[in-house]
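Listing of input.cif, mmCIF, C-alpha atoms and all ligand atoms
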data_run
#
loop_
_atom_site.label_atom_id
_atom_site.label_comp_id
_atom_site.auth_asym_id
_atom_site.auth_seq_id
_atom_site.Cartn_x
_atom_site.Cartn_y
_atom_site.Cartn_z
CA MET X 18 -4.60 44.74 14.67
CA ASN X 19 -3.85 42.21 11.96
CA THR X 20 -5.93 43.05 8.87
CA TYR X 21 -6.49 39.41 7.95
CA LEU X 22 -8.04 38.67 11.34
CA LYS X 23 -10.97 40.94 10.46
CA GLU X 24 -11.63 38.78 7.41
CA TYR X 25 -11.66 35.53 9.36
CA GLN X 26 -14.91 33.63 9.36
CA TRP X 27 -14.79 31.55 12.48
CA SER X 28 -17.28 29.07 11.02
CA GLN X 29 -14.40 28.01 8.75
CA ILE X 30 -12.39 26.98 11.80
CA GLY X 31 -15.39 24.90 12.88
CA ALA X 32 -15.48 23.30 9.42
CA MET X 33 -11.77 22.53 9.65
CA LEU X 34 -12.16 20.84 13.04
CA LYS X 35 -15.00 18.74 11.66
CA ASN X 36 -13.13 17.85 8.48
CA ASN X 37 -10.05 16.83 10.49
CA LYS X 38 -12.07 13.94 11.91
CA ARG X 39 -13.46 12.67 8.61
CA ILE X 40 -12.43 9.53 6.78
CA PRO X 41 -11.19 10.51 3.30
CA LYS X 42 -13.14 9.47 0.23
CA THR X 43 -11.76 6.49 -1.66
CA CYS X 44 -11.21 5.95 -5.35
CA THR X 45 -11.03 2.41 -6.68
CA ASP X 46 -10.06 3.33 -10.25
CA ASP X 47 -6.97 1.64 -11.60
CA CYS X 48 -3.80 3.57 -12.38
CA THR X 49 -2.05 1.18 -14.76
CA GLY X 50 0.06 2.96 -17.36
CA LYS X 51 0.16 6.27 -15.50
CA LEU X 52 3.39 7.85 -14.35
CA VAL X 53 3.27 9.44 -10.91
CA LEU X 54 6.03 11.62 -9.51
CA ILE X 55 6.13 11.88 -5.71
CA THR X 56 8.65 13.79 -3.60
CA GLY X 57 9.69 12.75 -0.10
CA THR X 58 8.81 9.04 -0.34
CA THR X 59 11.35 7.82 2.22
CA SER X 60 8.90 8.01 5.12
CA GLY X 61 5.44 8.93 6.33
CA ILE X 62 2.83 10.21 3.90
CA GLY X 63 5.04 10.05 0.81
CA TYR X 64 6.01 6.45 1.53
CA HIS X 65 2.42 5.27 1.90
CA THR X 66 1.31 7.32 -1.11
CA ALA X 67 3.98 5.66 -3.26
CA LEU X 68 2.70 2.25 -2.15
CA ALA X 69 -0.93 3.25 -2.78
CA TYR X 70 -0.22 4.28 -6.38
CA ALA X 71 2.12 1.37 -7.14
CA SER X 72 -0.36 -1.17 -5.75
CA ARG X 73 -2.88 0.07 -8.33
CA GLY X 74 -0.48 -0.22 -11.25
CA ALA X 75 1.16 3.21 -11.52
CA ASP X 76 4.81 3.59 -12.49
CA LEU X 77 6.61 5.89 -10.10
CA ILE X 78 9.32 8.48 -10.00
CA CYS X 79 10.55 9.27 -6.49
CA VAL X 80 12.47 12.46 -5.76
CA ASN X 81 14.24 12.17 -2.41
CA ARG X 82 17.43 13.18 -0.64
CA ASN X 83 18.39 9.83 0.91
CA LYS X 84 19.85 7.42 -1.65
CA GLU X 85 19.88 4.28 0.49
CA LYS X 86 16.27 4.58 1.68
CA THR X 87 15.16 5.46 -1.86
CA ILE X 88 16.79 2.42 -3.46
CA GLU X 89 15.33 0.19 -0.76
CA LEU X 90 11.82 1.54 -1.43
CA CYS X 91 12.08 1.37 -5.22
CA GLU X 92 13.35 -2.21 -5.09
CA LYS X 93 10.46 -3.17 -2.79
CA ILE X 94 7.92 -1.48 -5.07
CA GLU X 95 9.24 -3.11 -8.25
CA ARG X 96 9.44 -6.52 -6.54
CA GLU X 97 5.99 -6.41 -4.93
CA TYR X 98 3.92 -4.59 -7.55
CA GLY X 99 5.73 -5.23 -10.85
CA VAL X 100 5.70 -1.54 -11.82
CA SER X 101 8.74 0.61 -12.56
CA CYS X 102 10.07 2.89 -9.84
CA SER X 103 12.83 5.26 -10.87
CA TRP X 104 14.38 7.91 -8.69
CA TYR X 105 16.26 11.19 -8.58
CA LEU X 106 18.13 12.68 -5.68
CA ALA X 107 17.80 16.27 -4.52
CA ASP X 108 18.25 17.82 -1.12
CA TYR X 109 15.62 20.55 -1.03
CA THR X 110 17.89 22.76 1.05
CA ARG X 111 20.08 23.05 -2.08
CA LEU X 112 18.68 24.90 -5.06
CA ASP X 113 21.46 23.64 -7.37
CA GLU X 114 20.28 20.05 -6.74
CA VAL X 115 16.61 20.99 -7.24
CA LEU X 116 17.42 22.79 -10.49
CA ALA X 117 19.48 19.84 -11.75
CA VAL X 118 16.61 17.39 -11.11
CA GLY X 119 14.11 19.86 -12.59
CA ARG X 120 16.11 19.99 -15.83
CA GLN X 121 16.23 16.18 -16.05
CA LEU X 122 12.50 15.82 -15.35
CA ALA X 123 11.59 18.51 -17.88
CA ALA X 124 13.53 16.54 -20.52
CA LEU X 125 11.74 13.21 -19.82
CA ASP X 126 10.16 11.78 -22.94
CA ARG X 127 7.25 10.28 -21.00
CA ASP X 128 4.22 12.20 -19.70
CA ILE X 129 4.05 12.80 -15.96
CA ASP X 130 0.37 12.21 -15.21
CA ILE X 131 0.34 13.12 -11.53
CA LEU X 132 2.88 15.22 -9.66
CA ILE X 133 2.68 15.10 -5.86
CA HIS X 134 4.83 17.59 -3.95
CA ASN X 135 5.06 16.06 -0.51
CA ALA X 136 8.61 16.62 0.88
CA GLY X 137 8.54 18.87 3.92
CA VAL X 138 10.11 19.71 7.24
CA PHE X 139 9.18 21.37 10.56
CA MET X 140 11.92 23.15 12.52
CA THR X 141 11.71 24.76 15.93
CA LYS X 142 15.02 26.60 15.40
CA LYS X 143 15.76 29.04 12.61
CA SER X 144 18.29 27.95 10.02
CA ILE X 145 19.38 29.74 6.84
CA THR X 146 20.39 27.60 3.85
CA SER X 147 23.50 28.15 1.73
CA ASP X 148 21.12 29.70 -0.83
CA GLY X 149 20.19 32.34 1.73
CA TYR X 150 16.62 31.25 2.50
CA GLU X 151 15.00 30.23 5.76
CA GLN X 152 15.13 26.43 5.61
CA VAL X 153 11.46 25.56 6.17
CA TYR X 154 10.48 28.09 3.49
CA GLN X 155 12.99 26.65 1.02
CA VAL X 156 12.15 22.98 1.65
CA ASN X 157 8.36 23.23 1.97
CA PHE X 158 7.66 25.96 -0.55
CA LEU X 159 10.46 27.26 -2.72
CA SER X 160 11.90 23.98 -4.01
CA SER X 161 8.49 22.54 -4.93
CA CYS X 162 7.51 25.85 -6.56
CA ILE X 163 10.67 25.80 -8.67
CA LEU X 164 10.02 22.21 -9.79
CA THR X 165 6.42 23.02 -10.77
CA HIS X 166 7.67 26.04 -12.70
CA MET X 167 10.37 24.03 -14.47
CA LEU X 168 7.82 21.36 -15.45
CA LYS X 169 5.14 23.84 -16.48
CA ASP X 170 5.80 23.76 -20.23
CA LYS X 171 6.12 19.98 -20.31
CA LEU X 172 2.83 19.50 -18.43
CA ILE X 173 1.01 22.03 -20.61
CA ALA X 174 2.33 20.30 -23.76
CA GLN X 175 0.96 16.99 -22.43
CA LYS X 176 -2.53 18.58 -22.30
CA GLU X 177 -3.41 16.68 -19.13
CA ALA X 178 -1.83 16.39 -15.68
CA ARG X 179 -2.68 16.85 -12.03
CA ILE X 180 -0.42 18.61 -9.56
CA LEU X 181 -1.05 18.13 -5.84
CA TYR X 182 0.67 19.97 -3.02
CA VAL X 183 0.72 18.31 0.37
CA ASN X 184 0.04 21.50 2.29
CA SER X 185 -1.26 21.86 5.85
CA GLU X 186 -3.89 23.38 8.08
CA GLY X 187 -0.73 24.76 9.71
CA HIS X 188 -0.87 27.54 7.10
CA ARG X 189 -3.34 29.17 9.49
CA PHE X 190 -0.51 29.93 11.94
CA ALA X 191 0.94 32.59 9.60
CA LEU X 192 -1.63 35.14 10.74
CA SER X 193 0.12 38.02 8.94
CA GLY X 194 0.84 36.16 5.72
CA VAL X 195 4.31 35.86 4.17
CA PRO X 196 6.84 38.41 5.51
CA LEU X 197 8.42 39.19 2.13
CA ASP X 198 10.29 42.15 3.64
CA ASP X 199 11.98 39.97 6.27
CA PRO X 200 13.02 36.67 4.60
CA HIS X 201 15.66 35.92 7.25
CA TRP X 202 13.30 36.52 10.19
CA LYS X 203 15.49 39.31 11.58
CA ARG X 204 12.59 41.52 12.64
CA HIS X 205 9.96 38.84 13.27
CA ARG X 206 10.26 36.42 16.16
CA TYR X 207 10.91 32.97 14.74
CA THR X 208 8.83 30.04 15.95
CA GLY X 209 8.40 26.62 14.39
CA LEU X 210 4.65 27.10 13.97
CA LYS X 211 5.05 30.50 12.32
CA SER X 212 7.79 29.49 9.88
CA TYR X 213 5.85 26.36 8.94
CA GLY X 214 2.69 28.45 8.52
CA VAL X 215 4.51 30.96 6.33
CA ALA X 216 5.93 28.25 4.05
CA LYS X 217 2.56 26.55 3.65
CA THR X 218 0.86 29.94 3.09
CA ALA X 219 3.39 30.80 0.37
CA GLN X 220 2.56 27.50 -1.29
CA LEU X 221 -1.17 28.24 -1.18
CA LEU X 222 -0.58 31.75 -2.54
CA SER X 223 1.45 30.29 -5.41
CA LEU X 224 -1.68 28.39 -6.49
CA ILE X 225 -3.09 31.73 -7.65
CA PRO X 226 -0.48 32.48 -10.38
CA PHE X 227 -0.09 28.79 -11.27
CA THR X 228 -3.84 28.30 -11.66
CA SER X 229 -4.05 31.21 -14.05
CA MET X 230 -1.02 29.93 -16.02
CA PHE X 231 -2.55 26.47 -16.37
CA ASP X 232 -6.03 27.78 -17.15
CA GLY X 233 -7.51 25.94 -20.14
CA SER X 234 -4.44 23.70 -20.53
CA GLY X 235 -5.82 20.47 -19.03
CA VAL X 236 -3.37 20.78 -16.13
CA THR X 237 -4.91 21.20 -12.69
CA ILE X 238 -3.17 22.21 -9.48
CA ASN X 239 -4.60 21.76 -5.99
CA ALA X 240 -3.40 21.62 -2.40
CA MET X 241 -4.47 19.44 0.50
CA HIS X 242 -4.08 18.92 4.24
CA PRO X 243 -3.18 15.25 4.74
CA GLY X 244 -4.68 14.97 8.23
CA ASP X 245 -2.80 15.05 11.49
CA VAL X 246 -0.91 11.82 11.07
CA LYS X 247 1.90 9.99 12.82
CA THR X 248 5.09 10.30 10.79
CA ASN X 249 8.71 11.41 11.20
CA MET X 250 7.68 15.08 10.86
CA GLY X 251 9.48 17.14 13.52
CA GLU X 252 11.73 14.29 14.66
CA ASN X 253 14.74 16.36 13.55
CA ASN X 254 14.11 18.79 16.44
CA GLY X 255 15.40 18.81 20.01
CA ARG X 256 14.50 16.48 22.87
CA ILE X 257 11.93 18.76 24.48
CA TYR X 258 9.96 19.20 21.26
CA ARG X 259 10.08 15.45 20.59
CA PHE X 260 8.95 14.67 24.15
CA PHE X 261 5.85 16.85 23.72
CA LYS X 262 5.24 15.55 20.21
CA HIS X 263 5.25 11.95 21.37
CA LEU X 264 3.12 12.77 24.42
CA PHE X 265 0.48 15.06 22.92
CA ILE X 266 0.57 14.88 19.12
CA ASN X 267 1.41 11.27 18.31
CA THR X 268 -1.13 9.85 20.74
CA SER X 269 -4.06 11.38 18.85
CA ALA X 270 -2.45 11.29 15.39
CA ARG X 271 -3.98 9.13 12.69
CA SER X 272 -2.40 6.77 10.16
CA PRO X 273 -0.51 8.15 7.12
CA GLU X 274 -2.33 5.49 5.12
CA LEU X 275 -5.39 7.75 5.35
CA SER X 276 -3.36 10.59 3.79
CA ALA X 277 -2.31 8.22 1.01
CA GLN X 278 -5.95 7.26 0.45
CA ALA X 279 -6.83 10.96 0.11
CA LEU X 280 -3.90 11.66 -2.22
CA TYR X 281 -4.94 8.74 -4.41
CA TYR X 282 -8.51 10.03 -4.60
CA LEU X 283 -7.39 13.58 -5.41
CA GLY X 284 -4.94 12.34 -8.05
CA VAL X 285 -7.20 9.84 -9.80
CA SER X 286 -10.92 10.38 -9.16
CA ASN X 287 -13.02 11.79 -11.99
CA ASP X 288 -14.66 14.03 -9.36
CA LEU X 289 -11.56 16.22 -9.62
CA ASP X 290 -11.59 16.57 -13.42
CA SER X 291 -10.92 20.24 -14.23
CA ILE X 292 -11.02 21.26 -10.52
CA SER X 293 -8.07 23.59 -9.95
CA GLY X 294 -6.76 26.11 -7.45
CA ARG X 295 -8.58 24.56 -4.49
CA PHE X 296 -7.63 23.45 -0.99
CA PHE X 297 -8.84 20.17 0.49
CA ASN X 298 -8.79 18.82 4.04
CA PHE X 299 -8.21 15.16 3.20
CA THR X 300 -10.78 15.01 0.37
CA THR X 301 -13.22 17.69 1.53
CA GLU X 302 -12.89 21.08 -0.09
CA GLU X 303 -12.24 23.84 2.42
CA ILE X 304 -11.66 27.58 2.41
CA PRO X 305 -8.09 28.42 3.46
CA ALA X 306 -7.33 31.29 5.85
CA PRO X 307 -7.76 34.82 4.38
CA HIS X 308 -4.01 35.45 4.24
CA ALA X 309 -3.65 32.46 1.90
CA LEU X 310 -6.26 33.87 -0.50
CA ASP X 311 -4.80 37.36 -0.92
CA ALA X 312 -4.29 37.65 -4.70
CA GLU X 313 -2.28 40.86 -4.38
CA ALA X 314 0.11 39.18 -1.93
CA ALA X 315 0.32 36.17 -4.25
CA TRP X 316 1.49 38.24 -7.22
CA ARG X 317 3.87 40.21 -4.99
CA LEU X 318 5.38 36.90 -3.88
CA TRP X 319 5.59 35.83 -7.52
CA ASP X 320 7.40 39.06 -8.47
CA THR X 321 9.84 38.55 -5.57
CA LEU X 322 10.66 35.05 -6.83
CA HIS X 323 11.20 36.38 -10.36
CA ASP X 324 13.34 39.27 -9.13
CA ALA X 325 15.48 36.82 -7.12
CA GLY X 326 16.02 34.80 -10.33
CA VAL X 327 14.77 31.52 -8.87
CA LEU X 328 12.00 31.01 -11.44
CA ARG X 329 13.95 30.51 -14.62
N1 LIG X 401 2.33 14.51 9.60
C1 LIG X 401 1.36 15.40 9.66
O1 LIG X 401 0.51 15.38 10.57
C2 LIG X 401 1.26 16.46 8.61
C3 LIG X 401 0.22 17.40 8.73
C4 LIG X 401 0.10 18.39 7.75
C5 LIG X 401 0.98 18.41 6.68
N2 LIG X 401 1.99 17.50 6.60
C6 LIG X 401 2.88 17.58 5.43
O2 LIG X 401 3.02 16.29 4.86
C7 LIG X 401 4.25 16.22 4.12
C8 LIG X 401 4.94 14.92 4.43
O3 LIG X 401 5.35 14.91 5.77
P1 LIG X 401 5.29 13.63 6.73
O4 LIG X 401 4.36 13.98 7.84
O5 LIG X 401 5.09 12.40 5.97
O6 LIG X 401 6.75 13.71 7.39
P2 LIG X 401 8.04 12.78 7.23
O7 LIG X 401 7.73 11.39 7.63
O8 LIG X 401 9.10 13.49 8.01
O9 LIG X 401 8.37 12.82 5.69
C9 LIG X 401 8.94 13.96 5.09
C10 LIG X 401 9.58 13.59 3.76
O10 LIG X 401 10.21 14.79 3.25
C11 LIG X 401 11.59 14.52 3.03
N3 LIG X 401 12.45 15.68 3.27
C12 LIG X 401 12.64 16.36 4.42
N4 LIG X 401 13.58 17.30 4.26
C13 LIG X 401 14.00 17.20 2.97
C14 LIG X 401 14.98 17.87 2.21
N5 LIG X 401 15.76 18.82 2.73
N6 LIG X 401 15.16 17.52 0.91
C15 LIG X 401 14.40 16.52 0.36
N7 LIG X 401 13.49 15.84 1.04
C16 LIG X 401 13.29 16.16 2.34
C17 LIG X 401 11.93 13.42 4.04
O11 LIG X 401 13.13 12.80 3.64
P3 LIG X 401 14.14 12.04 4.70
O12 LIG X 401 13.57 10.67 4.91
O13 LIG X 401 15.43 12.06 3.98
O14 LIG X 401 14.12 12.87 5.95
C18 LIG X 401 10.69 12.55 3.93
O15 LIG X 401 10.75 11.73 2.79
C19 LIG X 401 5.02 17.48 4.50
O16 LIG X 401 4.92 18.41 3.45
C20 LIG X 401 4.30 17.99 5.74
O17 LIG X 401 4.43 19.37 5.91
C21 LIG X 401 2.15 16.53 7.54
#
Step by step, read the file and then write its structure as structure tokens.
Amino acid sequence: MNTYLKEYQWSQIGAMLKNNKRIPKTCTDDCTGKLVLITGTTSGIGYHTALAYASRGADLICVNRNKEKTIELCEKIEREYGVSCSWYLADYTRLDEVLAVGRQLAALDRDIDILIHNAGVFMTKKSITSDGYEQVYQVNFLSSCILTHMLKDKLIAQKEARILYVNSEGHRFALSGVPLDDPHWKRHRYTGLKSYGVAKTAQLLSLIPFTSMFDGSGVTINAMHPGDVKTNMGENNGRIYRFFKHLFINTSARSPELSAQALYYLGVSNDLDSISGRFFNFTTEEIPAPHALDAEAAWRLWDTLHDAGVLR
């Protein structure tokens, strides 16, 4: 029997189902003069979030892997909104590229006011990166964790910043938490839902050490579920998966503009001043699954990352 299952409060699942249907709160405050860093802005939620911030005056930094799509977006943003939109390229399946961008961002002489980690992937088939990590884990969790860690001192020195992770209710699928003893899924059966759940759970667990590191610094760090929205997520998978996605998921999925509305609220609204270490469904605070709240597991994960030398 899974130990976390005993801790489950099923009323929280009811709350999640209710929150999934809500319309996110809006924030009408202006963002002129702020610098907002968003990853994965070439499609879906990241794309609409970039437009939401730029349309209210924010300067942007986009961190993406596709140069052509990134230039096209930045040119559109600068043309239509008159803000600056600079960009860096990093494929999150390559730690050398993430580290290189992290070094450049840490050396920026301008404050990063809001940092939105959005890039993510869903894969039905297991794949191990050249760095030796399961790909969904590396893209959705590890690379964003490394960037936050590399920017930690800069953000603390600024005395004010908000970090937002685009997480997922999908973290609930990792019923046993993060299998630190089996990073290559040799002993656990790999499924897309489980690997996605593990990556998102690892990200939620990392909030625990990060929140304590940022405590009292003026830097907050929170995670959110952006709704079940129609984007390119999962389109990299095989025909059968895509057939079912288009038939069952896309038909009830909502607009990524709602996710952008929520990410704007969470990044800008005064309601979030000094709120840190929390999980939101759109803009409603929610309690994550028990396995994503296990402080002992969180620090074990942290030690594993340190021992592997990825948090430099
Ligand atoms: N859609 C939903 O219903 C839903 C629900 C819960 C959570 N989320 C989360 O929302 C976030 C955004 O996803 P989305 O739904 O907007 O999907 P999407 O349209 O597929 O966008 C994903 C973004 O991540 C980028 N990305 C993927 N692999 C990457 C890599 N190896 N290196 C760098 N960037 C990479 C993509 O770049 P390319 O354009 O180059 O592929 C794209 O910009 C993800 O973290 C996802 O887990 C989505």
Using all atoms listed in the file, determine which residues fall within 6 Å of ligand LIG 401 (chain X), then list them as a PyMOL selection string. chain X and resi 57-63+81-83+107-110+135-138+156+183-185+242-250
Please indicate the distance in Å from atom CA of Cys48 of chain X to atom CA of Phe297 of chain X, rounded to one decimal place.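 Pair atom CA of Cys48 of chain X / atom CA of Phe297 of chain X returns 21.6 Å.
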Contact residues around segment 20-25 of chain X with only C-alpha atoms at 8 Å, ignoring same-chain residues under 3 positions, as a ChimeraX atom specification: /X:192-193,306-308
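The environment of Ser103 of chain X within 8 Å, counting only C-alpha atoms and disregarding residues fewer than 4 places along the same chain, consists of X:Leu77, X:Ile78, X:Cys79, X:Cys91.
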So the first atom is atom CA of Thr237 of chain X and the second is atom CA of Gln278 of chain X; what is the distance between them in Å, to one decimal place?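 Taking atom CA of Thr237 of chain X as the start and atom CA of Gln278 of chain X as the end point, the length is 19.2 Å.
Checking X:Asn19, X:Thr301, X:Gln155, X:Ser234 one by one against Asp170 of chain X, counting all atoms listed in the file, you find the shortest gap at X:Ser234.
Here atom CA of Ala270 of chain X is placed at a distance of 23.9 Å from atom CA of Asn239 of chain X.
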Point out the residue among X:Lys176, X:Lys143, X:Arg73, X:Lys86 with the least atom-to-atom distance to Gly99 of chain X, counting only C-alpha atoms. X:Arg73
Please determine the residues with any atom at most 8 Å from (2.3, 34.5, 6.3) (coordinates as given in the file, with only C-alpha atoms counting) and report them as a ChimeraX atom specification. /X:188,190-196,211,214-216,218-219,308-309
Nearest to Gly235 of chain X, chosen from X:Ile173, X:Leu164, X:Leu90, X:Val285, with only C-alpha atoms counted in the distances: X:Ile173
Distance query Gly50 of chain X at most 8 Å, all atoms listed in the file, self and fewer than 2 positions along chain excluded, as an NGL selection string: :X and (48 or 52 or 74-76)
Which residues are near Asp199 of chain X? Cut-off 12 Å, only C-alpha atoms, ignore same chain within fewer than 4 positions. Put them as a list in words.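 Using only C-alpha atoms, the neighbours found are Tyr150, Glu151, Gly194, Val195, Lys203, Arg204, His205, Arg206, Tyr207, Ser212 and Val215 of chain X.
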Kindly complete segment 83-94 of chain X to N, CA and C atoms; the output should be written as a compact mmCIF listing (two decimals), in the coordinates of the input.
# COMPACT_ATOMS: atom_id res chain seq x y z
N ASN X 83 17.63 10.94 0.33
CA ASN X 83 18.39 9.83 0.91
C ASN X 83 18.46 8.66 -0.06
N LYS X 84 19.69 8.42 -0.58
CA LYS X 84 19.85 7.42 -1.65
C LYS X 84 19.52 6.01 -1.16
N GLU X 85 20.07 5.65 -0.01
CA GLU X 85 19.88 4.28 0.49
C GLU X 85 18.40 3.94 0.68
N LYS X 86 17.69 4.84 1.40
CA LYS X 86 16.27 4.58 1.68
C LYS X 86 15.47 4.56 0.38
N THR X 87 15.89 5.39 -0.59
CA THR X 87 15.16 5.46 -1.86
C THR X 87 15.32 4.16 -2.65
N ILE X 88 16.55 3.67 -2.71
CA ILE X 88 16.79 2.42 -3.46
C ILE X 88 16.02 1.28 -2.82
N GLU X 89 16.05 1.26 -1.48
CA GLU X 89 15.33 0.19 -0.76
C GLU X 89 13.83 0.22 -1.12
N LEU X 90 13.25 1.41 -1.12
CA LEU X 90 11.82 1.54 -1.43
C LEU X 90 11.53 1.15 -2.88
N CYS X 91 12.35 1.65 -3.80
CA CYS X 91 12.08 1.37 -5.22
C CYS X 91 12.22 -0.12 -5.51
N GLU X 92 13.20 -0.76 -4.88
CA GLU X 92 13.35 -2.21 -5.09
C GLU X 92 12.12 -2.95 -4.54
N LYS X 93 11.65 -2.53 -3.39
CA LYS X 93 10.46 -3.17 -2.79
C LYS X 93 9.24 -2.99 -3.71
N ILE X 94 9.07 -1.78 -4.21
CA ILE X 94 7.92 -1.48 -5.07
C ILE X 94 7.96 -2.30 -6.36
